[in-house]
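Report on one structure; see the data block that follows.
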Amino acid sequence: MKHQETAQEIIKAVGGTNNINSVYHCVTRLRFDLKDNEKVDNGSLKKLDKVMGTNISGDQFQVIIGNDVAKVFDAMVKENPAIQQSTEKKEPKSDKKQNVVLKIFETIAGVFAPMLPAITAAGMLKGLLALFVSVGWMSAGTDTYRILSAIGDGVFHYLPLLIAVSAARKFGSNPFVAIALGTALMYPDMTKLLDGSQTVGFLGIPVTAVSYASSVIPILLAVWLMSYVEKWVDRVIPAALKLLLVPLITLLVMVPVTLIAIGPLGTFVGSGLSGGINWLLNEGGLIAGIVLGGAMALIIMTGMHYALVPIILSNIATLGFDKFLPLTFISNMGQAGATLGVFFRAKDKKLKTVALSTSFTALMGVTEPAMYGVNMKYKKPFAAAMIGSAVGGGFALAFGAKAYVLAGNGGLPGLPSLIGQTFWYSFGGMILAFIVGAIMSTIFGIKEEEGDAEALAQFSPGASTAPTKVTSNDAATVNVDDMGDPTPTSDAVAVAPMTGKSIPLKEVNDPTFGDELMGKGVAFVPTVGELVSPVTGTIMNVFKTKHAIVIRSDNGMELLIHVGINTVKLRGQYFDAHVATGARVQAGDKLLTFELAEIAKEYDITTAMVVTNTADYKQVLPVKLGEITMGEDVLKAEI
């Protein structure tokens, strides 16, 4: 399924654009602020190929996508501009009571998540520079080093400006006015004025000397208050004068108020929070490492780790290190190790494949497939992962492990962020978490019948989209065993499912099919709005939008037939299905009818027929190209 189709199906499943207040994404998840979570169709979401699972944190509804989350989000915004607008101007939720603490966490997450690409890129570069200097590949005083350092350090020095933009979007204020507020605080003469060398006042009111470079809390509070000031000024100023006076008055109010009150307050709050957490990490040592390391997976699942981003950034900016970040690496290694333990204990080949592949992705810092697809599903591996993380966390904090930059990846690619005096303690904690997690998971074992084969299939590369059990109105319950051997038993031939013109699949104006990402096959330009079965077999899936069908032949060939390009947007309009999932069909039986002329007015009607288990064959080749009538041999797969 293309990212655009996935995005549309997700929007539909969460209640449509009218139910979305805002949405943003982190490394692996779409995070929705919905007006009503009760409108979500969880079942439909979990059936989507790209969706690994769902989660609710406070009032935030999360859809777990994995590595493709940014592409799905971009497709969502591109196809539905109203969603992007909703991130700037939120409608109040109806009669829902919200936990204040969780609401604060979600707000902080909403501000910092969009900034993470810039922050993590800069952090990774700083880590690599530290590595290059430590091994003698680069000298700290060279021009090249200084230029690269500017790329890494500039983001953190001017962090208040990034926060100003993101916070303005979150709170519904003008982002350019927010930037103007930030630039006033960081203007060189202002920085010199507030360096503490002299007493400063504004209209006789004392101004506390505060440095705003690399600060976090002051600008966050300032933009939050600015959103209310700006909206109040906007209400009272005549329309003809809004463009001039609203931003002017807002800045004239907010800059002095920030300097006099919010800046010192934000600095005090930030220092207090950082001091408290740092005290726990410094004084708690072994015990803090065991507790936080073991609970880290739960903290990440709820999204509470985002609330610590300001503290982490503040620590790195002021102290040059942070002790919380190593625990995120260690937790990921615990998940990876536990999933590897499942690989050792599992008997089912598909589960072993899934466990091994998701263990690797967890090592690379993406834990959702391992956590949600395997460990939480079988319960005991998740407990094993937490035990491993507790052991690794206790070891790391007992020796004062630190991270020196925010790299944004808690796996092996993010190791440069740990390079420094305590690197080996951090790395040792990671190794311990992985080994202990794997050992405990192997000892605990799993009950494979607890797993959900349909959910597992979506993590398995090239796995069939077929459910383990399907039902239909036309047929009794059908089990996989009744459908024939899943692997091909002989060469297979498919007949043309429609009348028109057959063309090479590579000519389809859609990269998913044209680049043969789904498999090899053939395409058709139909002249008649009717689709028949190309093989004798079983209907594995009739899409809700009726524009596509998956069928498995009795000799094991699996075919996806997709009528038109982007026709999922029609949501079933102009299509009629004549079979249901689970039905038995003969070659030539009618599957779909569609209003060809109406669809062609808006969409490319080219229809792709793809052998989704192409890897099971030596070659898949078109038999006939050009003018063709339904029922003629058109495609051959040879084992």
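Chain labels run A, B, ... following the order of the structure tokens; each chain numbers its residues from 1, and ligands are numbered from 1 in the order shown.
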Report task. Please provide as a PyMOL selection string all residues within 7 Å of Glu595 in chain A, with the sequence filter that same-chain residues fewer than 4 positions apart are discarded (counting only C-alpha atoms). Result -> chain A and resi 529+574-575+599
Would you mind exporting N, CA, C and O atoms of the selected residues as a short mmCIF file (atom, residue, chain, number, x, y, z; two decimals), in the first residue's frame?
```cif
data_model
loop_
_atom_site.label_atom_id
_atom_site.label_comp_id
_atom_site.auth_asym_id
_atom_site.auth_seq_id
_atom_site.Cartn_x
_atom_site.Cartn_y
_atom_site.Cartn_z
N GLY A 529 -15.50 -2.25 -17.87
CA GLY A 529 -15.46 -2.13 -16.42
C GLY A 529 -15.82 -3.40 -15.68
O GLY A 529 -16.76 -3.42 -14.86
N TYR A 574 -18.28 3.98 -7.32
CA TYR A 574 -18.18 3.46 -8.69
C TYR A 574 -17.73 2.00 -8.72
O TYR A 574 -17.55 1.44 -9.81
N PHE A 575 -17.49 1.35 -7.57
CA PHE A 575 -17.07 -0.04 -7.53
C PHE A 575 -18.16 -0.92 -6.91
O PHE A 575 -18.83 -0.51 -5.96
N ILE A 599 -14.69 6.74 -13.38
CA ILE A 599 -13.39 6.70 -12.70
C ILE A 599 -12.32 7.37 -13.55
O ILE A 599 -11.47 8.11 -13.04
#
```
Requested in this report: Enumerate the residues of range 91-252 of chain A with a DSSP assignment of helix (DSSP H, G or I), computed from the backbone, and present them as a PyMOL selection string.
Outcome: chain A and resi 100-134+143-157+159-171+175-186+188-193+217-236+239-252
Please dump the current selection as a compact mmCIF listing (two decimals), in the first residue's frame; keep C-alpha atoms.
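Output (result20.txt):
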```txt
# COMPACT_ATOMS: atom_id res chain seq x y z
CA VAL A 100 -2.93 18.17 34.05
CA VAL A 101 0.46 16.47 34.40
CA LEU A 102 -0.08 14.37 31.26
CA LYS A 103 -1.30 17.45 29.43
CA ILE A 104 1.94 19.25 30.28
CA PHE A 105 3.97 16.27 29.08
CA GLU A 106 2.03 16.12 25.83
CA THR A 107 2.44 19.85 25.28
CA ILE A 108 6.20 19.65 25.75
CA ALA A 109 6.30 16.64 23.43
CA GLY A 110 4.30 18.56 20.84
CA VAL A 111 6.81 21.40 20.94
CA PHE A 112 10.01 19.37 20.85
CA ALA A 113 9.12 16.50 18.51
CA PRO A 114 9.14 18.62 15.30
CA MET A 115 12.55 20.02 16.27
CA LEU A 116 14.22 16.66 16.82
CA PRO A 117 15.57 16.21 13.26
CA ALA A 118 17.60 19.42 13.56
CA ILE A 119 18.67 18.75 17.14
CA THR A 120 19.66 15.15 16.53
CA ALA A 121 21.53 15.97 13.33
CA ALA A 122 23.55 18.61 15.16
CA GLY A 123 24.08 16.29 18.11
CA MET A 124 25.29 13.45 15.90
CA LEU A 125 27.75 15.77 14.18
CA LYS A 126 29.10 16.93 17.55
CA GLY A 127 29.55 13.31 18.56
CA LEU A 128 31.38 12.45 15.35
CA LEU A 129 33.65 15.46 15.76
CA ALA A 130 34.51 14.32 19.28
CA LEU A 131 35.30 10.88 17.86
CA PHE A 132 37.48 12.29 15.05
CA VAL A 133 39.47 14.42 17.49
CA SER A 134 39.90 11.58 19.99
CA ASP A 143 39.21 25.83 9.92
CA THR A 144 37.40 22.66 8.85
CA TYR A 145 36.78 21.71 12.47
CA ARG A 146 35.49 25.20 13.30
CA ILE A 147 33.07 25.18 10.35
CA LEU A 148 31.75 21.75 11.26
CA SER A 149 31.49 22.82 14.91
CA ALA A 150 29.40 25.79 13.86
CA ILE A 151 26.92 23.40 12.24
CA GLY A 152 26.70 21.35 15.42
CA ASP A 153 26.88 24.14 18.00
CA GLY A 154 24.74 26.69 16.14
CA VAL A 155 21.52 24.76 16.66
CA PHE A 156 22.08 24.55 20.40
CA HIS A 157 23.24 28.14 20.78
CA LEU A 159 17.88 26.78 20.39
CA PRO A 160 15.45 29.41 21.77
CA LEU A 161 14.63 30.41 18.18
CA LEU A 162 13.76 26.84 17.19
CA ILE A 163 11.65 26.49 20.31
CA ALA A 164 9.93 29.80 19.56
CA VAL A 165 8.76 28.58 16.13
CA SER A 166 7.61 25.18 17.33
CA ALA A 167 5.92 26.54 20.45
CA ALA A 168 4.11 29.20 18.42
CA ARG A 169 2.67 26.49 16.17
CA LYS A 170 1.68 24.46 19.21
CA PHE A 171 0.03 27.36 21.06
CA PRO A 175 5.63 32.00 14.61
CA PHE A 176 7.36 35.04 13.11
CA VAL A 177 6.39 37.21 16.05
CA ALA A 178 7.67 34.44 18.31
CA ILE A 179 11.00 34.51 16.44
CA ALA A 180 11.12 38.28 16.86
CA LEU A 181 10.67 37.77 20.61
CA GLY A 182 13.52 35.25 20.64
CA THR A 183 15.87 37.40 18.59
CA ALA A 184 15.30 40.34 20.94
CA LEU A 185 16.39 38.19 23.87
CA MET A 186 19.49 36.99 22.02
CA PRO A 188 24.24 40.78 20.93
CA ASP A 189 23.79 44.10 22.73
CA MET A 190 21.08 42.52 24.93
CA THR A 191 23.44 39.65 25.75
CA LYS A 192 26.15 42.13 26.71
CA LEU A 193 23.68 44.18 28.75
CA ILE A 217 12.21 26.93 29.66
CA PRO A 218 12.22 30.77 29.46
CA ILE A 219 11.32 30.97 25.76
CA LEU A 220 8.80 28.15 26.13
CA LEU A 221 6.96 30.01 28.88
CA ALA A 222 7.30 33.31 27.04
CA VAL A 223 5.70 32.03 23.82
CA TRP A 224 2.94 30.33 25.81
CA LEU A 225 2.05 33.63 27.49
CA MET A 226 2.53 35.48 24.19
CA SER A 227 -0.19 33.34 22.60
CA TYR A 228 -2.73 34.73 25.07
CA VAL A 229 -1.47 38.32 24.77
CA GLU A 230 -1.55 38.16 20.98
CA LYS A 231 -5.09 36.76 20.89
CA TRP A 232 -6.35 39.41 23.34
CA VAL A 233 -4.73 42.24 21.37
CA ASP A 234 -6.14 40.80 18.14
CA ARG A 235 -9.68 40.93 19.57
CA VAL A 236 -9.54 44.59 20.60
CA ALA A 239 -9.34 45.06 11.55
CA ALA A 240 -7.71 47.84 9.51
CA LEU A 241 -4.89 48.17 12.07
CA LYS A 242 -4.32 44.51 13.00
CA LEU A 243 -1.34 43.93 10.69
CA LEU A 244 0.59 46.83 12.20
CA LEU A 245 -0.52 47.00 15.80
CA VAL A 246 -1.05 43.37 16.88
CA PRO A 247 2.58 42.27 16.47
CA LEU A 248 3.90 45.64 17.68
CA ILE A 249 1.89 45.66 20.90
CA THR A 250 2.55 41.96 21.47
CA LEU A 251 6.32 42.49 21.31
CA LEU A 252 6.25 45.69 23.36
```
Requested in this report: Would you mind listing what lies within 8 Å of Ile503 in chain A as a PyMOL selection string, with only C-alpha atoms counted and same-chain residues fewer than 5 positions away left out?
Outcome: chain A and resi 522-525+625-626
Could you write out the selected residues, including N, CA and C atoms, as a compact mmCIF listing (two decimals), in the first residue's frame?
```txt
# COMPACT_ATOMS: atom_id res chain seq x y z
N VAL A 522 2.09 -7.85 -14.42
CA VAL A 522 1.69 -7.24 -15.67
C VAL A 522 0.60 -6.23 -15.36
N ALA A 523 0.38 -5.28 -16.25
CA ALA A 523 -0.65 -4.26 -16.03
C ALA A 523 -1.60 -4.22 -17.22
N PHE A 524 -2.75 -3.60 -17.01
CA PHE A 524 -3.78 -3.54 -18.04
C PHE A 524 -4.37 -2.14 -18.12
N VAL A 525 -4.71 -1.75 -19.33
CA VAL A 525 -5.52 -0.55 -19.55
C VAL A 525 -6.88 -1.07 -20.02
N LEU A 625 1.49 -9.35 -24.44
CA LEU A 625 1.34 -7.90 -24.29
C LEU A 625 0.60 -7.36 -25.50
N GLY A 626 -0.17 -6.30 -25.29
CA GLY A 626 -0.96 -5.73 -26.38
C GLY A 626 -2.44 -5.97 -26.16
```
Report task. Identify which of the residues A:Ala615, A:Leu356, A:Val532, A:Ala597 lies closest to Glu632 in chain A, counting only C-alpha atoms when measuring atom-to-atom distances. Result ->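 Ranked by minimum distance to Glu632 in chain A, first place goes to A:Val532.
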Query raised in the report: Expressed in Å to a single decimal, how great is the separation between CA of Ala288 in chain A and CA of Arg31 in chain A?
Result: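 It comes out at 29.5 Å.
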Requested in this report: Do a neighbour search on range 324-332 of chain A at 8 Å with only C-alpha atoms, toss out local chain neighbours closer than 6 positions, and write the hits as an MDAnalysis selection string.
Outcome: chainID A and resid 281 289 292:294 296:297 312 362:363 365:367 385:386 388:389 392:393 396 401:403 406 410:411 418 426 429:430 433:434
Query - Length of the CA of Lys377 in chain A to CA of Glu9 in chain A vector [Å] - result: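 Interatomic distance here is 24.4 Å.
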Query raised in the report: If we count only C-alpha atoms, what is near range 546-561 of chain A at a cut-off of 6 Å, once residues fewer than 3 positions away on the same chain are taken out, given as a ChimeraX atom specification?
Result: /A:484,486-489,535-543,572,608-613
Requested in this report: Tell me, in Å to one decimal, how far CA of Gly519 in chain A is from CA of Glu507 in chain A.
Outcome: 14.1 Å
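Taking only C-alpha atoms into account, Glu602 in chain A lies nearest to A:Asn566 out of the set A:Lys2, A:Thr581, A:Lys618, A:Asn566.
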**Report entry** Contact residues around Glu5 in chain A with only C-alpha atoms at 9 Å, ignoring same-chain residues under 2 positions, as number ranges by chain
**Finding:** A: 1-3, 7-10, 72, 75, 566, 568-569
So that I have them on file, write out the residues from the current selection with N, CA and C atoms, as an mmCIF file, in the first residue's frame.
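Final output, saved to out_13.cif:
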```cif
data_model
loop_
_atom_site.group_PDB
_atom_site.id
_atom_site.type_symbol
_atom_site.label_atom_id
_atom_site.label_comp_id
_atom_site.auth_asym_id
_atom_site.auth_seq_id
_atom_site.Cartn_x
_atom_site.Cartn_y
_atom_site.Cartn_z
ATOM 1 N N MET A 1 0.843 -1.196 0.000
ATOM 2 C CA MET A 1 0.000 0.000 0.000
ATOM 3 C C MET A 1 0.880 1.248 0.000
ATOM 4 N N LYS A 2 0.609 2.180 -0.864
ATOM 5 C CA LYS A 2 1.385 3.400 -0.944
ATOM 6 C C LYS A 2 1.193 4.242 0.300
ATOM 7 N N HIS A 3 2.168 5.156 0.521
ATOM 8 C CA HIS A 3 2.084 6.014 1.702
ATOM 9 C C HIS A 3 0.830 6.882 1.656
ATOM 10 N N ALA A 7 -1.957 6.868 4.484
ATOM 11 C CA ALA A 7 -2.318 8.100 5.177
ATOM 12 C C ALA A 7 -3.828 8.319 5.166
ATOM 13 N N GLN A 8 -4.439 8.107 4.003
ATOM 14 C CA GLN A 8 -5.886 8.311 3.897
ATOM 15 C C GLN A 8 -6.653 7.314 4.755
ATOM 16 N N GLU A 9 -6.191 6.066 4.770
ATOM 17 C CA GLU A 9 -6.869 5.053 5.566
ATOM 18 C C GLU A 9 -6.724 5.358 7.061
ATOM 19 N N ILE A 10 -5.563 5.866 7.461
ATOM 20 C CA ILE A 10 -5.351 6.218 8.871
ATOM 21 C C ILE A 10 -6.269 7.368 9.266
ATOM 22 N N VAL A 72 4.689 8.703 5.689
ATOM 23 C CA VAL A 72 3.235 8.637 5.862
ATOM 24 C C VAL A 72 2.703 9.992 6.336
ATOM 25 N N ALA A 75 2.698 12.466 3.452
ATOM 26 C CA ALA A 75 1.581 12.174 2.554
ATOM 27 C C ALA A 75 0.265 12.638 3.162
ATOM 28 N N ASN A 566 -4.411 5.420 -7.269
ATOM 29 C CA ASN A 566 -4.980 6.314 -6.245
ATOM 30 C C ASN A 566 -6.501 6.221 -6.155
ATOM 31 N N VAL A 568 -8.166 4.473 -4.320
ATOM 32 C CA VAL A 568 -8.597 4.302 -2.934
ATOM 33 C C VAL A 568 -9.322 5.550 -2.440
ATOM 34 N N LYS A 569 -8.983 6.700 -3.044
ATOM 35 C CA LYS A 569 -9.609 7.958 -2.631
ATOM 36 C C LYS A 569 -11.106 7.984 -2.936
#
```
